[in-house]
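Below you'll find the structure, written out as C-alpha cells, and then a few comments.
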Amino acid sequence: MGLIDKLLGCPLLEITRSYWAAKLNTGEWVSEARFVHDWRKGEKRRIDWMDDIVATGDCKRITELWLLCPPSGTSPMGNTARLPITRPGSAFQFKVATHDTAGIGGPGRRTQQAHIIGRVENADGDCTCFIWDPIQDGLLTPESKIYDTQTGHIRVDVEGAAIFAGKTNVNRFHSWRPSLAPIGQLALDRIGVTL
Amino acid sequence: MADFGTITTDYNKGTDASPDWTGATIALSGTSGANEFRMALSTGSQTTSTPSASWPYMALPASGTTIVDNLYAFSTNTSGIKVATYDGTNGKARVLRKNFSSNGNPISAMQVSFFADSNHTNPSGGTQPPTTHNDTFTNGTSGETSSKSAIKGNFYGSGLTAGGVQETPSAGSVGTSPSATTGTSGAVTTTAGNWLNAAGAWQDMAGWNDYIIGVAIPQASTAFFWYYVLIIYLAASMTTQAGGWTIVDTIQYSYA
C-alpha cells in the first residue's frame, strides 16, 4: 500500500472531497481522513485540525503539509499538493464555506467553496498556498494566475505584476474569484500559526 | 467537527419588547415551499397556510418605490408564521437572527449579503430585466435605487465576540432609516455591540459588490445568535419574474 492510500484508507480515485495530511518531526503521519476515538466527547470522529493539531501543539512539529484532492474535471486522477515546512508554527489549513438560506423564496444550500493548505513565509504574514476549489473544479497552486472573468485579463497589483491565487497574506487573505468575498484576517491562534 | 453542525434562521413572532423566537427555525432546504421566507404586502391575500405556488404577487408601485411590509417564515409548504416585528421600517430591533450551533471553529470574520441564487454571481447594478443568476432585487434599478440593491440590511456586532460574549440588541429603532438608494460600495464592517456604523447608516445587500462583514471572529465552540434587520423595497421600474422572485441570503465563513 502506497503512502496516499495509507493516509486516506483508500485510493485517491475513490475520495469525493479533499483532506489534509501532515508529517510530524517524529516521522508520524496525521491525516484528516482517518478517525480517532475522542474520550472527552465519547465519540469516534475524524482527526480535527483544532483538536488534534493546534490544541496538542503538533502544529509546531509539522515538517510536511499535504492536500489530497478528489478526481475532478481538470484532473481525472485526483491531485496531491505538498508543502515542506521548515519553520515551526508556519503551517496552516482551513476551509471556506457558504450558507444560503431560502432568503425570501430561494433554495437553501451549504457549499464548501475551498480547502486551503498554506505556509507562512515571513513575519509580515506573506504565505504560499494550495487551494482545492470545488467550484472551479480544480487545484490552484502558488503559480496559478487569477483571470478576470469579464475581460479575460490576468489580475495585477498596483505595480502591474501578476497576482497568483496561492500567494497571499494571512492578515488579509484574498479572493481568487468574484463569487467569493475576500477572506480577510485569519485567526492565527486558531489555525496554529505563529508569526 | 470544525464546521458548524447547523446554521438556521430564527424569527420573532412576539413583539420587539417581548420577543418570541420559538417558531420552527428555518433550516436549509427551501424545496417544495418548505423552509423559506416569503415576502408579502399587508394588502395581499396571503395567510399562514397559503402554499408557495399560490402565494400572491406583490404589485409594483406606479412610480417611485414602496416597501415590502410583511414577511412570513414557512417551515413546511403550508405551515407559516408571520414575522411579527418585520414591517419594512427601522423601528424594531428584534426581527431576525442567525442561529449557529456550538461546534464551529470560525477562523475569519463572517461576511453576509444577498444573491440571486447559490451560484453567487455578483449583481449587475441597475440592470432590469436581470440576466442569468442575477435578480430583480439585488440588481436594483438605475433610477429609483440608484443601481443599489433594493434589499437593505443591518447586523448587530458579530453576534458573538472573540471573547465569547453574546451580542443582543435592545428593543427599539435600528440606526438611521435607510432610503431606496442607501448603500456603500464594497464591504462595511459592523460595530462591536451595536448596529452598523454605530447605529448610523445601513448597507445595501448586493452580492460581494456591497456587503457586510462582522467586526470580530466569533469565539470557537460556542453557540450564538447574530441579530439582523432587513428593509426591502419595490420599485416602479423593476421587472416581474416568471415563477416569482427567488433570492438567497448568504453567509460566507471560514473554519479550521
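By order in the C-alpha cells, chains are A, B, ...; within a chain, residues start at 1; ligands start at 1, following the order shown.
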
Chain A residues within 10 Å of chain B, counting only C-alpha atoms: which ones, as a count of residues only?
50

As an MDAnalysis selection string, please: all residues of range 34-122 of chain A that backbone DSSP puts in strand (DSSP E).
chainID A and resid 35:38 43:46 62:69 79:84 91:101 109:120

Could those residues be written to a file, using N, CA and C atoms, as a compact mmCIF listing (two decimals), in the first residue's frame?
# COMPACT_ATOMS: atom_id res chain seq x y z
N PHE A 35 -9.80 8.30 11.49
CA PHE A 35 -10.67 8.52 12.65
C PHE A 35 -9.91 8.30 13.96
N VAL A 36 -10.43 8.93 15.00
CA VAL A 36 -9.85 8.78 16.33
C VAL A 36 -11.02 8.67 17.31
N HIS A 37 -10.79 7.96 18.42
CA HIS A 37 -11.83 7.94 19.45
C HIS A 37 -11.57 9.10 20.41
N ASP A 38 -12.54 9.99 20.52
CA ASP A 38 -12.43 11.16 21.38
C ASP A 38 -13.00 10.79 22.75
N GLU A 43 -16.93 9.84 21.58
CA GLU A 43 -17.38 9.51 20.22
C GLU A 43 -16.18 9.28 19.30
N LYS A 44 -16.46 8.55 18.24
CA LYS A 44 -15.46 8.36 17.19
C LYS A 44 -15.63 9.51 16.21
N ARG A 45 -14.54 10.17 15.87
CA ARG A 45 -14.63 11.31 14.97
C ARG A 45 -13.39 11.37 14.09
N ARG A 46 -13.51 12.18 13.03
CA ARG A 46 -12.36 12.38 12.17
C ARG A 46 -11.29 13.19 12.90
N ILE A 62 5.12 20.04 12.60
CA ILE A 62 4.86 19.62 11.21
C ILE A 62 6.09 19.87 10.34
N THR A 63 6.43 18.87 9.55
CA THR A 63 7.54 19.04 8.61
C THR A 63 7.07 18.99 7.16
N GLU A 64 5.89 18.41 6.95
CA GLU A 64 5.30 18.41 5.60
C GLU A 64 3.79 18.55 5.76
N LEU A 65 3.16 19.38 4.93
CA LEU A 65 1.71 19.51 4.92
C LEU A 65 1.22 19.17 3.52
N TRP A 66 0.24 18.28 3.45
CA TRP A 66 -0.27 17.80 2.16
C TRP A 66 -1.75 18.13 2.02
N LEU A 67 -2.17 18.27 0.77
CA LEU A 67 -3.59 18.39 0.44
C LEU A 67 -3.90 17.30 -0.58
N LEU A 68 -4.85 16.46 -0.24
CA LEU A 68 -5.21 15.31 -1.09
C LEU A 68 -6.58 15.61 -1.71
N CYS A 69 -6.62 15.73 -3.02
CA CYS A 69 -7.81 16.24 -3.71
C CYS A 69 -8.46 15.15 -4.56
N ASN A 79 -5.57 14.93 -7.31
CA ASN A 79 -4.37 15.74 -7.16
C ASN A 79 -3.79 15.58 -5.75
N THR A 80 -2.48 15.73 -5.65
CA THR A 80 -1.87 15.89 -4.34
C THR A 80 -0.99 17.14 -4.39
N ALA A 81 -0.95 17.86 -3.26
CA ALA A 81 -0.06 19.02 -3.15
C ALA A 81 0.74 18.86 -1.87
N ARG A 82 2.01 19.27 -1.89
CA ARG A 82 2.89 19.10 -0.74
C ARG A 82 3.63 20.40 -0.45
N LEU A 83 3.58 20.82 0.81
CA LEU A 83 4.33 21.99 1.26
C LEU A 83 5.36 21.55 2.30
N PRO A 84 6.65 21.65 2.00
CA PRO A 84 7.66 21.39 3.04
C PRO A 84 7.59 22.50 4.09
N ALA A 91 2.74 26.37 9.39
CA ALA A 91 1.81 25.60 8.56
C ALA A 91 0.37 25.85 9.01
N PHE A 92 -0.55 25.90 8.05
CA PHE A 92 -1.97 26.06 8.41
C PHE A 92 -2.85 25.43 7.34
N GLN A 93 -4.07 25.16 7.73
CA GLN A 93 -5.10 24.72 6.78
C GLN A 93 -6.43 25.26 7.25
N PHE A 94 -7.32 25.54 6.31
CA PHE A 94 -8.69 25.90 6.65
C PHE A 94 -9.58 25.70 5.44
N LYS A 95 -10.88 25.78 5.70
CA LYS A 95 -11.87 25.62 4.63
C LYS A 95 -12.76 26.87 4.59
N VAL A 96 -13.30 27.15 3.41
CA VAL A 96 -14.23 28.26 3.23
C VAL A 96 -15.57 27.68 2.81
N ALA A 97 -16.64 28.17 3.42
CA ALA A 97 -17.98 27.67 3.09
C ALA A 97 -18.96 28.82 2.93
N THR A 98 -20.04 28.55 2.24
CA THR A 98 -21.17 29.49 2.20
C THR A 98 -22.41 28.76 2.66
N HIS A 99 -23.28 29.54 3.29
CA HIS A 99 -24.55 29.02 3.77
C HIS A 99 -25.64 29.91 3.19
N ASP A 100 -26.47 29.36 2.33
CA ASP A 100 -27.55 30.13 1.71
C ASP A 100 -28.87 29.75 2.35
N THR A 101 -29.52 30.74 2.94
CA THR A 101 -30.86 30.49 3.47
C THR A 101 -31.87 30.82 2.38
N ARG A 109 -28.84 26.21 0.76
CA ARG A 109 -27.76 25.26 0.46
C ARG A 109 -26.52 25.64 1.24
N ARG A 110 -25.76 24.62 1.70
CA ARG A 110 -24.44 24.86 2.27
C ARG A 110 -23.42 24.31 1.30
N THR A 111 -22.41 25.09 0.99
CA THR A 111 -21.45 24.70 -0.03
C THR A 111 -20.03 24.91 0.47
N GLN A 112 -19.19 23.88 0.35
CA GLN A 112 -17.78 24.12 0.62
C GLN A 112 -17.17 24.80 -0.59
N GLN A 113 -16.64 25.97 -0.39
CA GLN A 113 -16.12 26.77 -1.50
C GLN A 113 -14.64 26.49 -1.77
N ALA A 114 -13.90 26.14 -0.71
CA ALA A 114 -12.46 25.94 -0.90
C ALA A 114 -11.87 25.22 0.30
N HIS A 115 -10.77 24.53 0.07
CA HIS A 115 -9.96 23.92 1.13
C HIS A 115 -8.52 24.35 0.86
N ILE A 116 -7.89 24.93 1.85
CA ILE A 116 -6.60 25.60 1.65
C ILE A 116 -5.56 25.03 2.61
N ILE A 117 -4.38 24.71 2.09
CA ILE A 117 -3.22 24.49 2.96
C ILE A 117 -2.22 25.59 2.67
N GLY A 118 -1.49 26.02 3.70
CA GLY A 118 -0.55 27.11 3.46
C GLY A 118 0.64 27.09 4.39
N ARG A 119 1.62 27.92 4.02
CA ARG A 119 2.84 28.07 4.81
C ARG A 119 3.17 29.56 4.87
N VAL A 120 3.29 30.09 6.09
CA VAL A 120 3.66 31.50 6.26
C VAL A 120 5.15 31.63 6.01

Using DSSP on the backbone coordinates, identify the residues of range 85-187 of chain B assigned to alpha helix (DSSP H); present them as a PyMOL selection string.
chain B and resi 136-139

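With only C-alpha atoms as the atoms that count, the residue of A:Pro88, A:Pro70, A:Cys10, A:Val158 with the shortest distance to Leu139 in chain A is A:Pro70.
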
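Each of B:Thr161, B:Thr76, B:Thr89, B:Gln46 was checked against Pro178 in chain B using only C-alpha atoms; the smallest atom-to-atom distance is that of B:Thr89.
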
Would you mind listing what lies within 10 Å of Gln136 in chain A as a PDB file with C-alpha atoms, in the first residue's frame, with only C-alpha atoms counted and same-chain residues fewer than 2 positions away left out?
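Listing of around.pdb after writing:
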ATOM      1  CA  SER A  72     -12.113  16.399 -10.980  1.00  0.00           C
ATOM      2  CA  GLY A  73     -12.829  17.551 -14.478  1.00  0.00           C
ATOM      3  CA  THR A  74      -9.426  19.154 -14.724  1.00  0.00           C
ATOM      4  CA  GLN A 113     -16.115  26.770  -1.501  1.00  0.00           C
ATOM      5  CA  ALA A 114     -12.463  25.938  -0.897  1.00  0.00           C
ATOM      6  CA  TRP A 132      -8.694  22.974  -3.709  1.00  0.00           C
ATOM      7  CA  ASP A 133     -11.605  24.803  -5.334  1.00  0.00           C
ATOM      8  CA  PRO A 134     -14.648  22.562  -5.894  1.00  0.00           C
ATOM      9  CA  GLY A 138      -9.532  22.021  -9.668  1.00  0.00           C
ATOM     10  CA  LEU A 139      -6.399  22.664  -7.626  1.00  0.00           C
ATOM     11  CA  LEU A 140      -4.923  26.173  -7.621  1.00  0.00           C
ATOM     12  CA  ARG A 177     -12.730  34.588  -7.976  1.00  0.00           C
TER      13      ARG A 177
END

Would you kindly return, as an mmCIF file with C-alpha atoms, in the first residue's frame, each protein, DNA or RNA residue with an atom no farther than 7 Å from any atom of Asp126 in chain A, considering only C-alpha atoms and excluding same-chain residues fewer than 4 positions away?
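Contents of the output file around_23.cif:
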data_model
loop_
_atom_site.group_PDB
_atom_site.id
_atom_site.type_symbol
_atom_site.label_atom_id
_atom_site.label_comp_id
_atom_site.auth_asym_id
_atom_site.auth_seq_id
_atom_site.Cartn_x
_atom_site.Cartn_y
_atom_site.Cartn_z
ATOM 1 C CA VAL A 120 3.655 31.495 6.258
ATOM 2 C CA GLU A 121 6.911 32.755 4.756
ATOM 3 C CA ASN A 122 7.821 35.743 6.948
ATOM 4 C CA THR A 168 -1.378 35.987 -0.342
ATOM 5 C CA ASN A 169 -1.153 37.046 3.313
ATOM 6 C CA VAL A 170 -2.700 35.589 6.468
#

Separation of CA of Ile15 in chain A from CA of Ser75 in chain A, in Å and rounded to one decimal:
13.2 Å

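From CA of Thr26 in chain A back to CA of Leu7 in chain A, the distance works out to 16.2 Å.
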
Selection near range 194-199 of chain B, 8 Å with only C-alpha atoms, sequence-local residues under 6 positions removed, as a tab-separated table (two decimals) with C-alpha atoms, in the first residue's frame:
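Result file is part.tsv:
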chain	number	residue	atom	x	y	z
B	154	ASN	CA	-28.23	45.92	9.28
B	155	PHE	CA	-26.37	43.46	11.54
B	156	TYR	CA	-25.60	43.75	15.25
B	157	GLY	CA	-21.93	43.32	16.16
B	169	PRO	CA	-29.69	44.32	20.78
B	174	VAL	CA	-32.14	50.50	14.31
B	175	GLY	CA	-29.74	53.13	13.02
B	176	THR	CA	-30.66	55.82	10.54
B	188	VAL	CA	-18.98	47.73	5.57

List the spatial neighbours of Lys145 in chain A as a tab-separated table (two decimals) with N, CA and C atoms, in the first residue's frame - criterion: any atom at most 8 Å away, only C-alpha atoms, same-chain residues fewer than 6 positions off excluded.
chain	number	residue	atom	x	y	z
A	154	ILE	N	-5.40	38.85	-16.89
A	154	ILE	CA	-4.96	38.39	-15.58
A	154	ILE	C	-5.00	39.57	-14.60
A	155	ARG	N	-5.25	39.24	-13.34
A	155	ARG	CA	-5.32	40.29	-12.32
A	155	ARG	C	-3.88	40.70	-11.94
A	162	ALA	N	1.68	40.26	-11.93
A	162	ALA	CA	0.58	39.29	-11.85
A	162	ALA	C	0.33	38.88	-10.39
A	163	ILE	N	-0.95	38.70	-10.06
A	163	ILE	CA	-1.33	38.19	-8.74
A	163	ILE	C	-1.62	36.70	-8.88
A	164	PHE	N	-1.09	35.92	-7.96
A	164	PHE	CA	-1.26	34.47	-8.02
A	164	PHE	C	-2.23	34.01	-6.93
A	165	ALA	N	-3.05	33.02	-7.27
A	165	ALA	CA	-4.06	32.53	-6.33
A	165	ALA	C	-3.42	32.06	-5.03

Contacts of Ser170 in chain B within 12 Å, only C-alpha atoms, excl. fewer than 3 positions in-chain, as a list in words
Asp16, Ala17, Ser18, Pro19, Gly91, Lys92, Ala93, Arg94, Val95, Tyr156, Glu167, Ser173, Val174, Gly193, Asn194, Trp195 and Tyr227 of chain B

Pick from A:Ile4, A:Leu13, A:Cys127, A:Cys59, whichever lies nearest to Ala33 in chain A using only C-alpha atoms
A:Ile4

Residues of range 151-203 of chain B that approach range 130-137 of chain B to 12 Å or less, counting only C-alpha atoms: could you list each one with the shortest pair of atoms and its distance in Å to one decimal, rows by chain and increasing residue number, as CSV?
residue,atom,partner,partner_atom,distance
B:Ile151,CA,B:Phe137,CA,6.5
B:Lys152,CA,B:Phe137,CA,10.2
B:Ala180,CA,B:Phe137,CA,11.1

Just the selected residues (N, CA and C atoms), exported as a compact mmCIF listing (two decimals), in the first residue's frame, please.
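Produced file again09.txt, reproduced below:
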# COMPACT_ATOMS: atom_id res chain seq x y z
N ILE B 151 -32.50 45.61 -1.37
CA ILE B 151 -32.52 44.98 -0.04
C ILE B 151 -31.49 45.68 0.83
N LYS B 152 -31.96 46.26 1.92
CA LYS B 152 -31.05 46.94 2.86
C LYS B 152 -30.94 46.08 4.12
N ALA B 180 -34.31 54.07 -0.48
CA ALA B 180 -34.11 53.07 -1.54
C ALA B 180 -32.72 53.17 -2.15

Please indicate the distance in Å from CA of Thr184 in chain B to CA of Asp204 in chain B, rounded to one decimal place.
7.0 Å
